[in-house]
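One file, start.csv, is given below (CSV, C-alpha atoms).
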```csv
chain,number,residue,atom,x,y,z
A,1,MET,CA,2.6,42.1,-5.0
A,2,LEU,CA,1.8,39.1,-7.2
A,3,PHE,CA,-1.4,37.1,-6.9
A,4,GLU,CA,-0.8,33.9,-5.0
A,5,ASP,CA,-1.0,31.4,-7.8
A,6,THR,CA,-0.5,28.2,-5.9
A,7,TYR,CA,-2.9,26.1,-3.8
A,8,LYS,CA,-2.8,22.9,-1.8
A,9,THR,CA,-5.2,20.0,-2.4
A,10,ILE,CA,-5.3,16.2,-2.1
A,11,VAL,CA,-4.7,13.8,-5.0
A,12,LYS,CA,-6.9,10.8,-4.0
A,13,ASN,CA,-9.7,9.6,-1.7
A,14,SER,CA,-8.9,8.6,1.8
A,15,SER,CA,-10.6,7.7,5.1
A,16,GLY,CA,-10.1,7.8,8.8
A,17,ILE,CA,-12.1,6.4,11.8
A,18,TYR,CA,-12.6,7.7,15.3
A,19,LYS,CA,-14.5,5.9,18.0
A,20,GLU,CA,-15.9,7.3,21.3
A,21,LYS,CA,-18.3,5.8,23.8
A,22,GLY,CA,-19.7,3.4,21.3
A,23,SER,CA,-20.2,5.9,18.5
A,24,LYS,CA,-18.2,5.4,15.3
A,25,PHE,CA,-17.2,8.4,13.1
A,26,ILE,CA,-16.1,7.4,9.6
A,27,ALA,CA,-14.3,10.3,7.8
A,28,LEU,CA,-14.1,10.2,4.0
A,29,ALA,CA,-12.0,12.7,2.1
A,30,PHE,CA,-12.4,13.4,-1.7
A,31,PRO,CA,-10.7,15.7,-4.2
A,32,VAL,CA,-13.4,17.7,-5.9
A,33,GLU,CA,-13.5,20.6,-8.3
A,34,ASN,CA,-17.2,21.7,-8.4
A,35,GLU,CA,-20.4,21.6,-6.4
A,36,GLU,CA,-22.0,19.1,-8.8
A,37,THR,CA,-19.4,16.5,-7.9
A,38,VAL,CA,-19.9,17.3,-4.2
A,39,LYS,CA,-23.7,16.7,-4.5
A,40,GLN,CA,-23.1,13.4,-6.4
A,41,ILE,CA,-20.7,12.1,-3.7
A,42,LEU,CA,-23.1,13.1,-0.9
A,43,ASP,CA,-26.0,11.3,-2.7
A,44,ASN,CA,-23.9,8.2,-3.1
A,45,LEU,CA,-22.8,8.1,0.5
A,46,ARG,CA,-26.3,8.5,1.8
A,47,LYS,CA,-27.3,5.5,-0.1
A,48,GLU,CA,-24.2,3.4,0.9
A,49,TYR,CA,-24.4,4.4,4.6
A,50,TYR,CA,-28.2,4.6,4.7
A,51,ASP,CA,-28.3,3.3,8.3
A,52,ALA,CA,-26.0,6.0,9.7
A,53,ARG,CA,-27.4,8.7,12.1
A,54,HIS,CA,-25.6,11.7,10.6
A,55,HIS,CA,-23.7,12.6,7.4
A,56,CYS,CA,-21.9,15.8,8.3
A,57,TYR,CA,-19.5,17.5,5.9
A,58,ALA,CA,-17.5,20.5,4.9
A,59,TYR,CA,-15.9,21.5,1.6
A,60,ILE,CA,-13.8,24.2,0.1
A,61,LEU,CA,-13.6,25.0,-3.7
A,62,GLY,CA,-11.4,27.2,-5.8
A,63,ALA,CA,-7.8,28.4,-5.7
A,64,ASP,CA,-9.0,31.4,-3.8
A,65,LYS,CA,-11.1,29.2,-1.4
A,66,SER,CA,-14.1,31.4,-2.2
A,67,ALA,CA,-16.7,28.6,-2.3
A,68,TRP,CA,-17.3,26.7,0.8
A,69,ARG,CA,-20.0,25.1,2.9
A,70,ILE,CA,-20.5,23.3,6.2
A,71,ASN,CA,-23.4,21.0,7.3
A,72,ASP,CA,-24.1,19.6,10.7
A,73,ASP,CA,-26.8,17.2,9.5
A,74,GLY,CA,-28.8,17.2,12.7
A,75,GLU,CA,-26.0,17.5,15.2
A,76,PRO,CA,-26.0,20.5,17.5
A,77,GLY,CA,-25.0,23.7,15.6
A,78,GLY,CA,-21.3,24.2,15.2
A,79,THR,CA,-20.3,20.7,16.5
A,80,ALA,CA,-19.7,18.9,13.3
A,81,GLY,CA,-19.4,20.9,10.0
A,82,LYS,CA,-17.4,23.7,11.6
A,83,PRO,CA,-14.6,21.4,13.2
A,84,ILE,CA,-14.4,19.5,9.9
A,85,HIS,CA,-14.0,22.8,8.0
A,86,GLY,CA,-11.5,23.9,10.6
A,87,GLN,CA,-9.2,21.0,9.7
A,88,LEU,CA,-9.4,22.0,6.0
A,89,LEU,CA,-8.3,25.5,7.0
A,90,SER,CA,-5.6,24.1,9.3
A,91,PHE,CA,-4.0,22.1,6.5
A,92,ASP,CA,-4.6,25.1,4.0
A,93,LEU,CA,-6.5,22.8,1.6
A,94,THR,CA,-9.0,23.5,-1.2
A,95,ASN,CA,-10.9,21.5,-3.8
A,96,ILE,CA,-11.6,19.0,-1.1
A,97,LEU,CA,-14.7,17.5,0.5
A,98,ILE,CA,-14.7,15.7,3.8
A,99,VAL,CA,-17.8,13.8,5.0
A,100,VAL,CA,-17.9,12.3,8.5
A,101,ILE,CA,-20.5,9.6,8.9
A,102,ARG,CA,-21.6,8.9,12.5
A,103,TYR,CA,-23.1,5.7,13.8
A,104,PHE,CA,-24.6,6.6,17.2
A,105,GLY,CA,-23.5,4.4,20.0
A,106,GLY,CA,-26.2,5.2,22.5
A,107,THR,CA,-24.2,7.6,24.7
A,108,LYS,CA,-24.3,11.4,24.1
A,109,LEU,CA,-20.9,13.0,23.9
A,110,GLY,CA,-21.8,16.6,24.6
A,111,VAL,CA,-20.7,19.6,22.7
A,112,SER,CA,-17.0,19.4,23.4
A,113,GLY,CA,-17.0,15.7,22.8
A,114,LEU,CA,-18.7,16.0,19.4
A,115,ILE,CA,-16.3,18.8,18.3
A,116,ASN,CA,-13.3,16.7,19.2
A,117,ALA,CA,-14.8,13.6,17.5
A,118,TYR,CA,-15.5,15.3,14.2
A,119,LYS,CA,-12.2,17.2,14.2
A,120,THR,CA,-10.2,14.1,15.0
A,121,ALA,CA,-11.9,12.0,12.4
A,122,ALA,CA,-11.4,14.7,9.7
A,123,ARG,CA,-7.7,15.0,10.6
A,124,ALA,CA,-7.3,11.2,10.4
A,125,ALA,CA,-8.7,11.2,6.8
A,126,ILE,CA,-6.4,14.0,5.8
A,127,SER,CA,-3.4,12.2,7.3
A,128,GLN,CA,-4.0,9.2,5.1
A,129,THR,CA,-3.8,11.0,1.8
A,130,GLU,CA,-1.2,12.9,-0.2
A,131,ILE,CA,-1.2,16.7,-0.2
A,132,VAL,CA,0.2,18.4,-3.3
A,133,GLU,CA,0.8,22.0,-4.3
A,134,ARG,CA,-0.6,23.0,-7.6
A,135,THR,CA,-0.4,26.2,-9.7
A,136,VAL,CA,-3.3,28.4,-10.9
A,137,ASN,CA,-3.1,28.3,-14.7
A,138,GLU,CA,-4.8,30.4,-17.3
A,139,ILE,CA,-5.7,29.2,-20.8
A,140,TYR,CA,-5.3,31.4,-23.9
A,141,LYS,CA,-5.8,31.2,-27.6
A,142,ILE,CA,-3.4,32.9,-29.9
A,143,GLU,CA,-4.2,33.6,-33.6
A,144,PHE,CA,-1.5,34.5,-36.0
A,145,PRO,CA,-0.6,34.4,-39.7
A,146,PHE,CA,1.2,31.3,-41.0
A,147,GLU,CA,4.1,33.6,-41.9
A,148,THR,CA,4.9,34.3,-38.2
A,149,MET,CA,4.8,30.6,-37.2
A,150,ASN,CA,8.5,30.4,-36.5
A,151,ASP,CA,8.4,33.5,-34.2
A,152,VAL,CA,5.4,32.1,-32.2
A,153,MET,CA,6.8,28.6,-32.0
A,154,ARG,CA,10.2,29.9,-30.8
A,155,ILE,CA,8.4,31.7,-27.8
A,156,ILE,CA,6.4,28.6,-27.0
A,157,LYS,CA,9.6,26.5,-27.0
A,158,GLU,CA,11.6,29.0,-25.0
A,159,GLU,CA,8.9,29.4,-22.4
A,160,ASN,CA,8.0,25.7,-22.3
A,161,LEU,CA,4.3,26.4,-22.7
A,162,HIS,CA,1.8,23.6,-22.6
A,163,ILE,CA,-0.1,23.4,-25.9
A,164,ILE,CA,-3.7,22.1,-25.5
A,165,ASP,CA,-4.7,22.4,-29.1
A,166,ASN,CA,-3.5,23.8,-32.5
A,167,GLN,CA,-4.7,24.4,-36.0
A,168,PHE,CA,-2.4,25.4,-38.8
A,169,ASN,CA,-4.0,27.0,-41.8
A,170,ASN,CA,-3.6,30.4,-43.4
A,171,VAL,CA,-4.6,31.8,-40.0
A,172,CYS,CA,-3.1,29.6,-37.3
A,173,THR,CA,-4.4,29.1,-33.8
A,174,ILE,CA,-2.8,27.6,-30.7
A,175,THR,CA,-4.5,27.1,-27.4
A,176,TYR,CA,-2.0,27.1,-24.5
A,177,SER,CA,-1.9,27.0,-20.7
A,178,ILE,CA,0.4,29.2,-18.6
A,179,ARG,CA,0.9,29.8,-14.9
A,180,LYS,CA,-1.2,32.8,-13.9
A,181,ASN,CA,1.8,35.0,-12.7
A,182,GLU,CA,3.6,34.4,-16.0
A,183,ALA,CA,0.6,35.1,-18.2
A,184,ASP,CA,1.0,38.9,-18.8
A,185,ARG,CA,4.7,38.6,-19.5
A,186,ILE,CA,4.1,35.9,-22.1
A,187,LYS,CA,1.3,37.9,-23.7
A,188,LEU,CA,3.7,40.8,-24.1
A,189,ARG,CA,6.2,38.6,-25.9
A,190,PHE,CA,3.6,37.3,-28.2
A,191,ARG,CA,2.2,40.7,-29.1
A,192,LYS,CA,5.7,41.7,-30.3
A,193,THR,CA,5.2,39.2,-33.1
A,194,HIS,CA,3.3,40.6,-36.1
A,195,GLU,CA,-0.4,40.5,-36.2
A,196,SER,CA,-0.9,38.1,-33.3
A,197,ASN,CA,-4.2,38.2,-31.4
A,198,ILE,CA,-4.5,36.6,-27.9
A,199,THR,CA,-7.8,35.7,-26.3
A,200,TYR,CA,-8.2,34.7,-22.6
A,201,LEU,CA,-10.4,31.5,-22.3
A,202,LYS,CA,-10.5,30.4,-18.7
A,203,THR,CA,-8.6,29.9,-15.4
A,204,THR,CA,-8.0,26.4,-14.1
```

Transcribe the structure of this file into structure tokens.
Amino acid sequence: MLFEDTYKTIVKNSSGIYKEKGSKFIALAFPVENEETVKQILDNLRKEYYDARHHCYAYILGADKSAWRINDDGEPGGTAGKPIHGQLLSFDLTNILIVVIRYFGGTKLGVSGLINAYKTAARAAISQTEIVERTVNEIYKIEFPFETMNDVMRIIKEENLHIIDNQFNNVCTITYSIRKNEADRIKLRFRKTHESNITYLKTT
């Protein structure tokens, strides 16, 4: 069975608002790719919405959704971050951060009321953005003698590979990107050319 090499994410920031018994829940969704970006966004929002009672959030990172976190920011445990995270799972999203900022209206909503508020606000933000499916790609560098240039370039053209960088000297190098599930087949084709050396660089 092939590795699942696609994932769903959002392409731009979006927002949604939910109001209940005087409280206002402002949900903000952001496409993110690393925890440093998450931290920067959270810091900026705390400054911008300094007078809000709570800044609750959830995020998921990575094509395999291996990195994730939820935060209730002072709300009763499980009433804020978890329902926000639940919406990310419901839409099968990754590389996304949703922050729900609450302005307290003076009336307590109770556990079920809070869960519904944070879930509904998060869903509203997701509904206002575009969801796209992307592929997991691997980046490789191939080194080969100048004499085999035609063979290598023919494969690149036939396979429609995305070239990131190239240097053509006595020993030539090309850095290319390929969909993960196609990577091994392409490497095999390249290795049939004379004296080619392929190095894996990273996954994106």

ask   = Counting only C-alpha atoms, which of A:Lys24, A:Lys202, A:Lys65, A:His55 gets nearest to Thr9 in chain A?
value =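 Among the listed residues, A:Lys65 lies closest to Thr9 in chain A.
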
task = For each of A:Ala29, A:Ile139, A:Ile96, A:Ala80, take the minimum atom-to-atom distance to Gly113 in chain A, counting only C-alpha atoms, then give the residue where this is smallest.
result =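 Going through A:Ala29, A:Ile139, A:Ile96, A:Ala80 one by one, the smallest distance to Gly113 in chain A is for A:Ala80.
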
request  = Identify the residues around (-15.3, 19.8, 10.5) within a radius of 12 Å, measuring from all atoms listed in the file in the coordinates stated by the file, and give them as a ChimeraX atom specification.
outcome  = /A:25,27-29,55-60,69-73,75,77-90,97-101,114-126

Contacts of Ala52 in chain A at 9 Å (all atoms listed in the file; same-chain gap of 5+ positions) as an mmCIF file with C-alpha atoms, keeping the file's coordinate frame:
```cif
data_model
loop_
_atom_site.group_PDB
_atom_site.id
_atom_site.type_symbol
_atom_site.label_atom_id
_atom_site.label_comp_id
_atom_site.auth_asym_id
_atom_site.auth_seq_id
_atom_site.Cartn_x
_atom_site.Cartn_y
_atom_site.Cartn_z
ATOM 1 C CA ARG A 46 -26.300 8.500 1.800
ATOM 2 C CA ILE A 101 -20.500 9.600 8.900
ATOM 3 C CA ARG A 102 -21.600 8.900 12.500
ATOM 4 C CA TYR A 103 -23.100 5.700 13.800
ATOM 5 C CA PHE A 104 -24.600 6.600 17.200
#
```
